[in-house]
$ cat my_file.cif   # mmCIF, C-alpha atoms
data_data
loop_
_atom_site.label_atom_id
_atom_site.label_comp_id
_atom_site.auth_asym_id
_atom_site.auth_seq_id
_atom_site.Cartn_x
_atom_site.Cartn_y
_atom_site.Cartn_z
CA MET Z 1 -75.89 58.62 -151.72
CA LYS Z 2 -77.60 61.76 -152.87
CA ILE Z 3 -81.14 61.80 -151.47
CA LEU Z 4 -83.93 64.22 -152.37
CA PHE Z 5 -86.34 64.06 -149.42
CA VAL Z 6 -89.82 65.50 -150.07
CA SER Z 7 -91.90 66.01 -146.92
CA HIS Z 8 -94.43 68.62 -145.81
CA SER Z 9 -94.27 67.48 -142.17
CA SER Z 10 -90.51 68.04 -142.09
CA VAL Z 11 -91.06 71.79 -141.94
CA LEU Z 12 -90.68 71.11 -138.19
CA LYS Z 13 -87.16 71.08 -136.77
CA PHE Z 14 -88.15 68.14 -134.59
CA HIS Z 15 -89.06 66.06 -137.65
CA GLN Z 16 -85.67 66.57 -139.30
CA GLN Z 17 -83.73 64.60 -136.70
CA LYS Z 18 -83.55 61.32 -138.65
CA LEU Z 19 -82.30 63.31 -141.67
CA LEU Z 20 -79.51 64.77 -139.56
CA ILE Z 21 -78.45 61.27 -138.54
CA LEU Z 22 -78.60 60.04 -142.14
CA ALA Z 23 -76.34 62.94 -143.14
CA LYS Z 24 -73.89 62.88 -140.21
CA LYS Z 25 -73.62 59.18 -139.37
CA TYR Z 26 -74.34 57.54 -142.73
CA HIS Z 27 -72.84 60.30 -144.92
CA HIS Z 28 -75.81 60.75 -147.24
CA ASN Z 29 -76.12 64.04 -149.09
CA ILE Z 30 -79.62 65.09 -147.99
CA THR Z 31 -81.67 67.77 -149.73
CA LEU Z 32 -85.00 68.44 -148.03
CA VAL Z 33 -87.90 69.84 -150.06
CA THR Z 34 -90.79 71.36 -148.10
CA PRO Z 35 -93.53 73.95 -148.54
CA PRO Z 36 -92.76 77.37 -147.00
CA TYR Z 37 -94.99 76.43 -144.03
CA TRP Z 38 -97.47 73.86 -142.79
CA ILE Z 39 -100.40 73.84 -140.35
CA GLU Z 40 -99.43 71.93 -137.20
CA GLY Z 41 -101.79 71.80 -134.22
CA GLY Z 42 -103.89 74.54 -135.82
CA VAL Z 43 -100.87 76.85 -136.03
CA LYS Z 44 -99.06 78.00 -139.19
CA VAL Z 45 -95.45 76.82 -138.74
CA PRO Z 46 -92.74 78.18 -141.07
CA ALA Z 47 -90.23 75.71 -142.50
CA TYR Z 48 -87.12 75.31 -140.36
CA THR Z 49 -83.92 75.60 -142.41
CA GLY Z 50 -81.25 75.84 -139.71
CA ASN Z 51 -79.47 72.46 -139.89
CA LYS Z 52 -76.15 72.96 -141.64
CA GLU Z 53 -75.85 69.27 -142.54
CA ILE Z 54 -79.04 69.42 -144.64
CA ASN Z 55 -79.56 71.22 -147.94
CA TYR Z 56 -82.93 72.98 -148.12
CA ILE Z 57 -85.23 73.80 -151.01
CA ILE Z 58 -88.44 75.66 -150.24
CA GLY Z 59 -90.63 74.68 -153.15
CA LYS Z 60 -92.94 76.99 -155.02
CA THR Z 61 -96.10 75.66 -153.46
CA ILE Z 62 -99.85 76.14 -153.56
CA ILE Z 63 -101.43 75.18 -150.22
CA PHE Z 64 -105.12 74.72 -149.46
CA GLU Z 65 -104.95 75.04 -145.67
CA LYS Z 66 -108.46 73.90 -144.77
CA ARG Z 67 -108.06 70.67 -146.74
CA PHE Z 68 -104.40 70.04 -145.79
CA PHE Z 69 -103.71 69.77 -149.51
CA HIS Z 70 -100.73 71.10 -151.45
CA PHE Z 71 -98.76 70.69 -154.65
CA TYR Z 72 -95.55 72.08 -156.13
CA LEU Z 73 -95.20 74.35 -159.14
CA ASN Z 74 -91.56 73.45 -159.86
CA PRO Z 75 -90.86 69.72 -159.22
CA ASP Z 76 -88.96 69.27 -162.49
CA GLU Z 77 -86.74 72.25 -161.68
CA ILE Z 78 -86.02 70.85 -158.21
CA VAL Z 79 -85.11 67.36 -159.45
CA LYS Z 80 -82.94 68.74 -162.27
CA LYS Z 81 -81.03 70.91 -159.77
CA VAL Z 82 -80.28 68.04 -157.36
CA MET Z 83 -80.17 64.97 -159.66
CA PRO Z 84 -80.38 62.53 -156.73
CA ASP Z 85 -79.84 58.78 -156.59
CA ILE Z 86 -83.16 58.38 -154.76
CA ILE Z 87 -86.21 60.58 -154.33
CA HIS Z 88 -87.75 59.74 -150.95
CA ILE Z 89 -91.31 61.10 -151.08
CA GLU Z 90 -92.63 61.12 -147.53
CA GLU Z 91 -96.20 61.58 -148.74
CA GLU Z 92 -99.10 59.17 -149.23
CA PRO Z 93 -99.26 57.54 -152.69
CA PHE Z 94 -102.68 59.10 -153.35
CA THR Z 95 -101.34 62.67 -153.05
CA PRO Z 96 -100.62 64.84 -156.11
CA VAL Z 97 -97.19 65.66 -154.63
CA CYS Z 98 -96.23 61.99 -154.75
CA TRP Z 99 -97.44 61.78 -158.34
CA GLN Z 100 -95.52 64.94 -159.32
CA PHE Z 101 -92.13 63.73 -158.11
CA THR Z 102 -92.67 60.13 -159.25
CA TYR Z 103 -93.54 61.37 -162.73
CA VAL Z 104 -90.40 63.53 -162.94
CA ALA Z 105 -88.23 60.75 -161.50
CA ARG Z 106 -89.49 58.23 -164.04
CA LYS Z 107 -88.50 60.54 -166.91
CA ARG Z 108 -84.98 60.77 -165.48
CA ASN Z 109 -84.66 57.11 -164.42
CA ILE Z 110 -84.34 57.96 -160.70
CA LYS Z 111 -85.44 55.53 -157.97
CA THR Z 112 -88.46 56.62 -155.90
CA ILE Z 113 -89.86 55.69 -152.49
CA PHE Z 114 -93.19 56.79 -151.02
CA TYR Z 115 -94.57 56.58 -147.46
CA THR Z 116 -97.98 55.38 -146.31
CA TRP Z 117 -99.92 55.25 -143.04
CA GLU Z 118 -103.19 54.16 -144.67
CA ASN Z 119 -104.57 51.14 -142.78
CA ILE Z 120 -108.18 51.36 -143.99
CA ASP Z 121 -109.19 50.68 -147.60
CA ARG Z 122 -110.96 53.98 -148.21
CA ARG Z 123 -112.54 55.22 -151.42
CA HIS Z 124 -110.70 58.26 -152.73
CA ASN Z 125 -111.90 60.94 -155.13
CA PHE Z 126 -111.00 60.67 -158.82
CA ILE Z 127 -107.77 62.69 -158.61
CA TYR Z 128 -106.45 60.83 -155.57
CA SER Z 129 -107.39 57.46 -157.10
CA GLN Z 130 -105.53 58.22 -160.33
CA CYS Z 131 -102.47 59.45 -158.42
CA GLU Z 132 -102.45 56.31 -156.29
CA LYS Z 133 -102.72 53.97 -159.27
CA TYR Z 134 -99.85 55.72 -161.03
CA ASN Z 135 -97.59 55.72 -157.99
CA ILE Z 136 -98.28 52.09 -157.09
CA LYS Z 137 -97.37 51.13 -160.64
CA ASN Z 138 -94.28 53.33 -161.03
CA CYS Z 139 -92.57 53.75 -157.64
CA ASP Z 140 -89.64 51.45 -156.85
CA ALA Z 141 -90.27 50.89 -153.14
CA ALA Z 142 -92.48 51.93 -150.24
CA ILE Z 143 -92.24 52.42 -146.49
CA ALA Z 144 -95.32 51.69 -144.38
CA GLY Z 145 -95.90 53.16 -140.94
CA ASN Z 146 -97.61 50.02 -139.65
CA PHE Z 147 -98.11 46.39 -140.60
CA GLU Z 148 -101.72 46.83 -141.73
CA ALA Z 149 -100.61 49.60 -144.12
CA LYS Z 150 -98.07 47.20 -145.64
CA MET Z 151 -100.76 44.53 -146.12
CA LEU Z 152 -103.20 47.03 -147.64
CA LEU Z 153 -100.55 48.27 -150.07
CA ALA Z 154 -99.87 44.71 -151.20
CA LYS Z 155 -103.61 44.16 -151.61
CA LYS Z 156 -103.73 47.20 -153.92
CA GLY Z 157 -101.15 45.57 -156.18
CA PHE Z 158 -97.83 47.00 -155.00
CA ILE Z 159 -95.45 44.08 -155.57
CA LYS Z 160 -92.12 45.81 -154.97
CA ILE Z 161 -90.14 46.24 -151.74
CA ILE Z 162 -92.17 47.35 -148.69
CA ASP Z 163 -90.63 47.80 -145.25
CA VAL Z 164 -92.38 48.82 -142.03
CA ILE Z 165 -90.49 51.75 -140.47
CA PRO Z 166 -91.96 54.40 -138.14
CA GLN Z 167 -91.97 57.89 -139.61
CA TYR Z 168 -90.47 59.58 -136.54
CA GLY Z 169 -88.73 58.43 -133.39
CA VAL Z 170 -87.64 59.94 -130.09
CA ASN Z 171 -84.34 61.00 -128.60
CA LEU Z 172 -83.91 59.29 -125.25
CA SER Z 173 -81.61 62.12 -124.15
CA ASP Z 174 -84.63 64.47 -124.21
CA PHE Z 175 -86.17 62.59 -121.27
CA LYS Z 176 -85.06 62.91 -117.66
CA GLU Z 177 -84.14 60.01 -115.41
CA LYS Z 178 -87.09 58.93 -113.29
CA ILE Z 179 -87.30 56.94 -110.07
CA ILE Z 180 -90.13 54.41 -110.16
CA GLU Z 181 -91.79 54.06 -106.79
CA GLY Z 182 -95.12 53.30 -105.19
CA LYS Z 183 -97.77 56.00 -105.41
CA ALA Z 184 -100.47 57.23 -103.08
CA GLU Z 185 -102.00 59.07 -106.05
CA TYR Z 186 -101.55 58.41 -109.78
CA ASN Z 187 -101.37 61.02 -112.53
CA ILE Z 188 -103.02 59.66 -115.68
CA THR Z 189 -102.80 61.53 -118.96
CA TYR Z 190 -104.32 61.64 -122.43
CA ILE Z 191 -102.39 63.55 -125.11
CA GLY Z 192 -103.87 64.13 -128.55
CA ARG Z 193 -106.68 65.60 -130.59
CA LEU Z 194 -110.01 66.08 -128.82
CA THR Z 195 -112.22 64.34 -131.35
CA LYS Z 196 -114.80 61.56 -131.01
CA GLU Z 197 -112.64 58.82 -132.52
CA LYS Z 198 -109.95 59.44 -129.89
CA GLY Z 199 -112.25 57.97 -127.20
CA ILE Z 200 -111.80 60.54 -124.42
CA GLU Z 201 -115.41 60.05 -123.28
CA ILE Z 202 -114.66 56.35 -122.74
CA LEU Z 203 -111.74 57.36 -120.53
CA LEU Z 204 -113.97 59.66 -118.45
CA ASP Z 205 -116.43 56.81 -117.89
CA ALA Z 206 -113.53 54.54 -116.89
CA ILE Z 207 -112.15 56.81 -114.16
CA TYR Z 208 -115.53 57.67 -112.65
CA ASN Z 209 -115.27 55.18 -109.77
CA ILE Z 210 -111.47 55.16 -109.34
CA GLN Z 211 -110.05 56.87 -106.29
CA ASN Z 212 -106.66 58.55 -105.84
CA ILE Z 213 -106.13 59.64 -109.42
CA LYS Z 214 -105.88 62.82 -111.44
CA LEU Z 215 -106.56 62.86 -115.17
CA HIS Z 216 -104.63 65.39 -117.27
CA ILE Z 217 -106.09 66.00 -120.74
CA VAL Z 218 -103.69 67.60 -123.21
CA GLY Z 219 -104.96 68.76 -126.59
CA THR Z 220 -107.46 70.83 -128.50
CA GLY Z 221 -110.35 69.99 -130.77
CA ALA Z 222 -114.03 70.31 -131.55
CA LEU Z 223 -115.06 67.89 -128.78
CA LEU Z 224 -113.67 70.06 -125.96
CA PRO Z 225 -117.01 71.67 -124.92
CA LYS Z 226 -118.70 68.25 -124.84
CA ILE Z 227 -115.87 66.77 -122.76
CA LYS Z 228 -116.02 69.64 -120.26
CA ALA Z 229 -119.79 69.24 -120.01
CA LYS Z 230 -119.40 65.52 -119.30
CA VAL Z 231 -116.75 66.21 -116.63
CA LYS Z 232 -119.25 68.51 -114.92
CA ARG Z 233 -122.13 66.06 -115.31
CA LEU Z 234 -120.09 63.23 -113.75
CA ASP Z 235 -118.84 65.58 -111.02
CA LEU Z 236 -115.20 64.97 -111.95
CA GLN Z 237 -114.00 68.57 -111.68
CA ASP Z 238 -111.61 67.66 -108.85
CA LYS Z 239 -110.11 64.81 -110.89
CA VAL Z 240 -109.80 66.20 -114.41
CA PHE Z 241 -107.43 68.97 -115.53
CA PHE Z 242 -107.18 70.52 -119.00
CA HIS Z 243 -103.81 71.64 -120.40
CA SER Z 244 -104.75 72.70 -123.93
CA HIS Z 245 -101.85 72.39 -126.41
CA ILE Z 246 -98.31 71.60 -125.23
CA GLU Z 247 -95.43 72.25 -127.64
CA ARG Z 248 -93.61 69.11 -128.78
CA GLU Z 249 -90.34 70.12 -127.10
CA ASN Z 250 -92.17 70.42 -123.74
CA ILE Z 251 -93.76 66.96 -123.87
CA PRO Z 252 -90.81 65.18 -122.14
CA GLU Z 253 -90.98 67.56 -119.16
CA PHE Z 254 -94.75 67.11 -118.90
CA LEU Z 255 -94.59 63.32 -119.13
CA ASN Z 256 -91.93 63.25 -116.42
CA LYS Z 257 -94.71 64.19 -113.96
CA MET Z 258 -97.12 61.50 -115.23
CA ASP Z 259 -97.53 57.86 -114.21
CA ILE Z 260 -99.90 56.33 -116.77
CA LEU Z 261 -100.73 57.28 -120.37
CA VAL Z 262 -104.05 56.14 -121.84
CA LEU Z 263 -104.78 56.04 -125.58
CA PRO Z 264 -108.47 55.04 -125.81
CA SER Z 265 -108.93 55.38 -129.59
CA ILE Z 266 -112.07 54.07 -131.34
CA THR Z 267 -112.15 52.74 -134.91
CA THR Z 268 -114.59 54.45 -137.33
CA ASN Z 269 -115.54 53.75 -140.94
CA ASN Z 270 -112.87 56.15 -142.17
CA TRP Z 271 -110.17 56.00 -139.51
CA LYS Z 272 -108.33 53.83 -137.03
CA GLU Z 273 -105.19 54.52 -135.07
CA GLN Z 274 -102.16 54.44 -137.36
CA PHE Z 275 -99.38 54.56 -134.77
CA GLY Z 276 -99.85 56.68 -131.66
CA ARG Z 277 -96.66 58.67 -131.27
CA VAL Z 278 -97.45 59.49 -127.63
CA ILE Z 279 -96.99 55.79 -126.84
CA ILE Z 280 -93.27 55.84 -127.62
CA GLU Z 281 -92.86 59.19 -125.88
CA ALA Z 282 -94.46 57.70 -122.77
CA PHE Z 283 -92.17 54.67 -123.01
CA ALA Z 284 -89.16 56.99 -123.17
CA ALA Z 285 -90.43 58.96 -120.15
CA LYS Z 286 -90.92 55.74 -118.14
CA VAL Z 287 -94.68 56.11 -118.05
CA ALA Z 288 -96.89 53.00 -118.08
CA VAL Z 289 -99.08 52.73 -121.19
CA VAL Z 290 -102.66 51.51 -121.57
CA GLY Z 291 -104.15 51.48 -125.06
CA SER Z 292 -107.22 50.24 -126.89
CA ASP Z 293 -106.97 47.57 -129.59
CA SER Z 294 -107.74 50.09 -132.36
CA GLY Z 295 -105.50 49.85 -135.41
CA ALA Z 296 -101.75 49.89 -134.79
CA ILE Z 297 -101.87 50.51 -131.02
CA PRO Z 298 -101.26 46.83 -130.06
CA GLU Z 299 -98.49 46.65 -132.68
CA VAL Z 300 -96.66 49.61 -131.17
CA ILE Z 301 -97.22 48.63 -127.53
CA GLY Z 302 -96.27 44.98 -128.03
CA ASP Z 303 -95.83 43.26 -124.67
CA ALA Z 304 -94.70 46.49 -122.98
CA GLY Z 305 -98.10 47.80 -121.92
CA ILE Z 306 -101.74 46.90 -121.42
CA ILE Z 307 -104.41 46.55 -124.12
CA PHE Z 308 -108.19 46.80 -123.63
CA LYS Z 309 -111.10 46.32 -126.01
CA GLU Z 310 -111.86 49.62 -127.71
CA GLY Z 311 -115.01 51.32 -126.45
CA ASN Z 312 -115.13 49.18 -123.28
CA SER Z 313 -114.91 51.64 -120.38
CA LYS Z 314 -115.44 48.93 -117.74
CA GLU Z 315 -112.46 46.91 -119.00
CA LEU Z 316 -110.35 50.06 -119.16
CA SER Z 317 -111.32 50.89 -115.59
CA ASN Z 318 -110.28 47.42 -114.42
CA LYS Z 319 -106.95 47.64 -116.26
CA LEU Z 320 -106.18 50.99 -114.63
CA LYS Z 321 -107.01 49.59 -111.19
CA ASP Z 322 -104.73 46.60 -111.85
CA LEU Z 323 -101.84 48.93 -112.68
CA MET Z 324 -102.40 51.06 -109.61
CA GLU Z 325 -102.80 48.13 -107.20
CA ASP Z 326 -100.05 45.87 -108.53
CA GLY Z 327 -96.68 47.56 -108.05
CA GLU Z 328 -94.80 44.75 -109.80
CA LEU Z 329 -97.04 45.02 -112.89
CA PHE Z 330 -96.61 48.81 -112.92
CA ARG Z 331 -92.81 48.58 -112.77
CA ARG Z 332 -92.71 45.78 -115.35
CA CYS Z 333 -94.71 47.82 -117.87
CA ILE Z 334 -92.42 50.81 -117.37
CA ASN Z 335 -89.20 48.81 -117.73
CA LYS Z 336 -90.42 46.88 -120.76
CA GLY Z 337 -91.66 50.10 -122.36
CA TYR Z 338 -88.27 51.75 -121.98
CA GLU Z 339 -86.50 48.74 -123.51
CA ARG Z 340 -89.01 48.66 -126.38
CA VAL Z 341 -88.51 52.31 -127.32
CA LYS Z 342 -84.73 52.00 -126.99
CA ASN Z 343 -84.62 49.00 -129.33
CA ASN Z 344 -87.26 50.04 -131.88
CA TYR Z 345 -88.33 53.68 -131.81
CA THR Z 346 -85.39 56.07 -131.42
CA ASN Z 347 -84.36 58.36 -134.26
CA GLU Z 348 -81.04 56.46 -134.36
CA VAL Z 349 -82.81 53.13 -134.94
CA ILE Z 350 -85.12 54.62 -137.58
CA ALA Z 351 -82.23 56.28 -139.46
CA GLU Z 352 -80.33 52.98 -139.46
CA LYS Z 353 -83.35 51.19 -140.94
CA ILE Z 354 -83.78 53.86 -143.63
CA ASP Z 355 -80.08 53.65 -144.55
CA LYS Z 356 -80.38 49.87 -145.01
CA PHE Z 357 -83.55 50.42 -147.04
CA TYR Z 358 -81.77 52.84 -149.39
CA ARG Z 359 -78.97 50.33 -149.96
CA LYS Z 360 -81.49 47.57 -150.57
CA ILE Z 361 -83.29 49.38 -153.39
CA LEU Z 362 -80.06 50.49 -155.09
#
$ encode --input "my_file.cif" --output "structure tokens"
Amino acid sequence: MKILFVSHSSVLKFHQQKLLILAKKYHHNITLVTPPYWIEGGVKVPAYTGNKEINYIIGKTIIFEKRFFHFYLNPDEIVKKVMPDIIHIEEEPFTPVCWQFTYVARKRNIKTIFYTWENIDRRHNFIYSQCEKYNIKNCDAAIAGNFEAKMLLAKKGFIKIIDVIPQYGVNLSDFKEKIIEGKAEYNITYIGRLTKEKGIEILLDAIYNIQNIKLHIVGTGALLPKIKAKVKRLDLQDKVFFHSHIERENIPEFLNKMDILVLPSITTNNWKEQFGRVIIEAFAAKVAVVGSDSGAIPEVIGDAGIIFKEGNSKELSNKLKDLMEDGELFRRCINKGYERVKNNYTNEVIAEKIDKFYRKIL
């Protein structure tokens, strides 16, 4: 099949891996449309165009960086040049980009797919609301990043095909072999944005009375000064270490030195965890995972990790102690996590699901 794949996040080489598999293993003719760059981790990242198996089109794009908003000036020209069987728009249905390519596709009788992570029924501004209504009415299929997003889409009136498929997976070959053994001291890590809804302060409260641990905080964000102040106030300077931003390709090496990953996210009025990519990376690195029950975290973890009530630092503390004191539980979480990522969250598995989805809608 000839696929026109529209995705701002696929400016990253790392995010093009499923497209490579779709091209090489499933023999799809893939043309990737991206802006010339995107802001990732606060850094302007130019679009990667080095995979020979993928055709690239850098669209004429207007980008409003502070609002993470963009649109294309030449969607009709792009579609006319490629004339695909399917336009896979890896953008939310409320975005103008999704509306642009759906509108052009409808004129040319081309099948369209959009992607959604939205798991909270938020009120959008007038432009976003109109785009969403149009796309829900006119797109042929949708992929949701989590089960709640699928249910919300159906609630909004989307009655066509919806499958739940993660946006990105991992390559198990990126992660080193690891011997699981008893520990005198445990390295616990948090990886992600340093913002209030991510629950890092809950994690600090949880480790306060736990001995023989080190907490490694990886990430940047507006909450960093407050977190550092709390570390000092709780006298945790000897337990807590800050690593700032770690490039995606270096995450496997970092996780290889860790024992437990904690994702203590907290639901707000406008946000709850939509996936938690670090969970599947930890699974692949044979790191035990503890997560709150916010949003899609329990869905991703399944029975391969430990869940605690969001915002409950005492329960989190007890769960961490259980993992550290029960060697069988620790090993079971690690082994189940590795099996779960191997069976559900590799780029190979995701590409296979997308290929079947394409064939389903045609």
$ closest_residue --input "my_file.cif" --among "Z:Glu299, Z:Glu315, Z:Asp259, Z:Glu352" --to "Ala282 of chain Z" --atoms "only C-alpha atoms"
Z:Asp259
$ atom_distance --input "my_file.cif" --atom1 "atom CA of Pro35 of chain Z" --atom2 "atom CA of Ser173 of chain Z"
29.6 Å
$ atom_distance --input "my_file.cif" --atom1 "atom CA of Asn344 of chain Z" --atom2 "atom CA of Ala142 of chain Z"
19.2 Å
$ closest_residue --input "my_file.cif" --among "Z:Asn312, Z:Asn119, Z:Asn171, Z:Thr220" --to "Glu281 of chain Z" --atoms "all atoms listed in the file"
Z:Asn171
$ residues_around --input "my_file.cif" --residues "Gln211 of chain Z" --least-positions-apart "5" --cutoff "10 Å" --atoms "all atoms listed in the file" --output "PDB file with C-alpha atoms, keeping the file's coordinate frame"
ATOM      1  CA  GLU Z 185    -102.000  59.070-106.050  1.00  0.00           C
ATOM      2  CA  TYR Z 186    -101.550  58.410-109.780  1.00  0.00           C
ATOM      3  CA  LYS Z 239    -110.110  64.810-110.890  1.00  0.00           C
ATOM      4  CA  LYS Z 321    -107.010  49.590-111.190  1.00  0.00           C
TER       5      LYS Z 321
END
$ closest_residue --input "my_file.cif" --among "Z:Tyr345, Z:Phe330, Z:Tyr338, Z:Trp271" --to "Asp121 of chain Z" --atoms "all atoms listed in the file"
Z:Trp271
$ resolve_selection --input "my_file.cif" --expression "the PyMOL selection byres ((chain Z and resi 23-33) around 8)" --output "list in words"
Met1, Lys2, Ile3, Leu4, Phe5, Val6, Ser7, His8, Leu19, Leu20, Ile21, Leu22, Thr34, Pro35, Glu53, Ile54, Asn55, Tyr56, Ile57, Ile58, Gly59, Val82 and Asp355 of chain Z
$ atom_distance --input "my_file.cif" --atom1 "atom CA of Lys81 of chain Z" --atom2 "atom CA of Lys107 of chain Z"
14.6 Å
$ resolve_selection --input "my_file.cif" --expression "the PyMOL selection byres ((chain Z and resi 72) around 12)" --output "PyMOL selection string"
chain Z and resi 6-8+33-36+57-64+69-71+73-79+95-101
$ decode --input "my_file.cif" --residues "segment 317-352 of chain Z" --atoms "C-alpha atoms" --output "CSV table (one decimal), in the first residue's frame"
chain,number,residue,atom,x,y,z
Z,317,SER,CA,6.3,3.8,50.7
Z,318,ASN,CA,4.9,0.4,51.7
Z,319,LYS,CA,4.9,-0.9,48.1
Z,320,LEU,CA,8.6,0.1,47.7
Z,321,LYS,CA,9.5,-1.6,51.0
Z,322,ASP,CA,7.7,-4.8,49.8
Z,323,LEU,CA,9.7,-4.8,46.6
Z,324,MET,CA,13.0,-4.3,48.4
Z,325,GLU,CA,12.3,-6.9,51.2
Z,326,ASP,CA,10.7,-9.6,49.0
Z,327,GLY,CA,13.2,-11.0,46.5
Z,328,GLU,CA,10.7,-13.3,44.9
Z,329,LEU,CA,8.3,-10.4,44.3
Z,330,PHE,CA,11.1,-8.3,42.9
Z,331,ARG,CA,12.2,-11.0,40.4
Z,332,ARG,CA,8.6,-11.8,39.5
Z,333,CYS,CA,7.8,-8.2,38.6
Z,334,ILE,CA,11.0,-7.9,36.5
Z,335,ASN,CA,10.3,-11.2,34.6
Z,336,LYS,CA,6.7,-10.4,34.0
Z,337,GLY,CA,7.6,-6.9,32.8
Z,338,TYR,CA,10.0,-8.2,30.3
Z,339,GLU,CA,7.5,-10.7,28.9
Z,340,ARG,CA,4.8,-7.9,28.8
Z,341,VAL,CA,7.0,-5.5,26.7
Z,342,LYS,CA,8.1,-8.4,24.4
Z,343,ASN,CA,4.6,-9.4,23.7
Z,344,ASN,CA,2.9,-6.0,23.5
Z,345,TYR,CA,5.2,-3.0,23.2
Z,346,THR,CA,8.0,-3.5,20.8
Z,347,ASN,CA,8.2,-1.6,17.5
Z,348,GLU,CA,7.8,-5.0,15.7
Z,349,VAL,CA,4.5,-5.7,17.5
Z,350,ILE,CA,3.2,-2.2,16.9
Z,351,ALA,CA,4.1,-2.3,13.2
Z,352,GLU,CA,2.3,-5.6,12.8
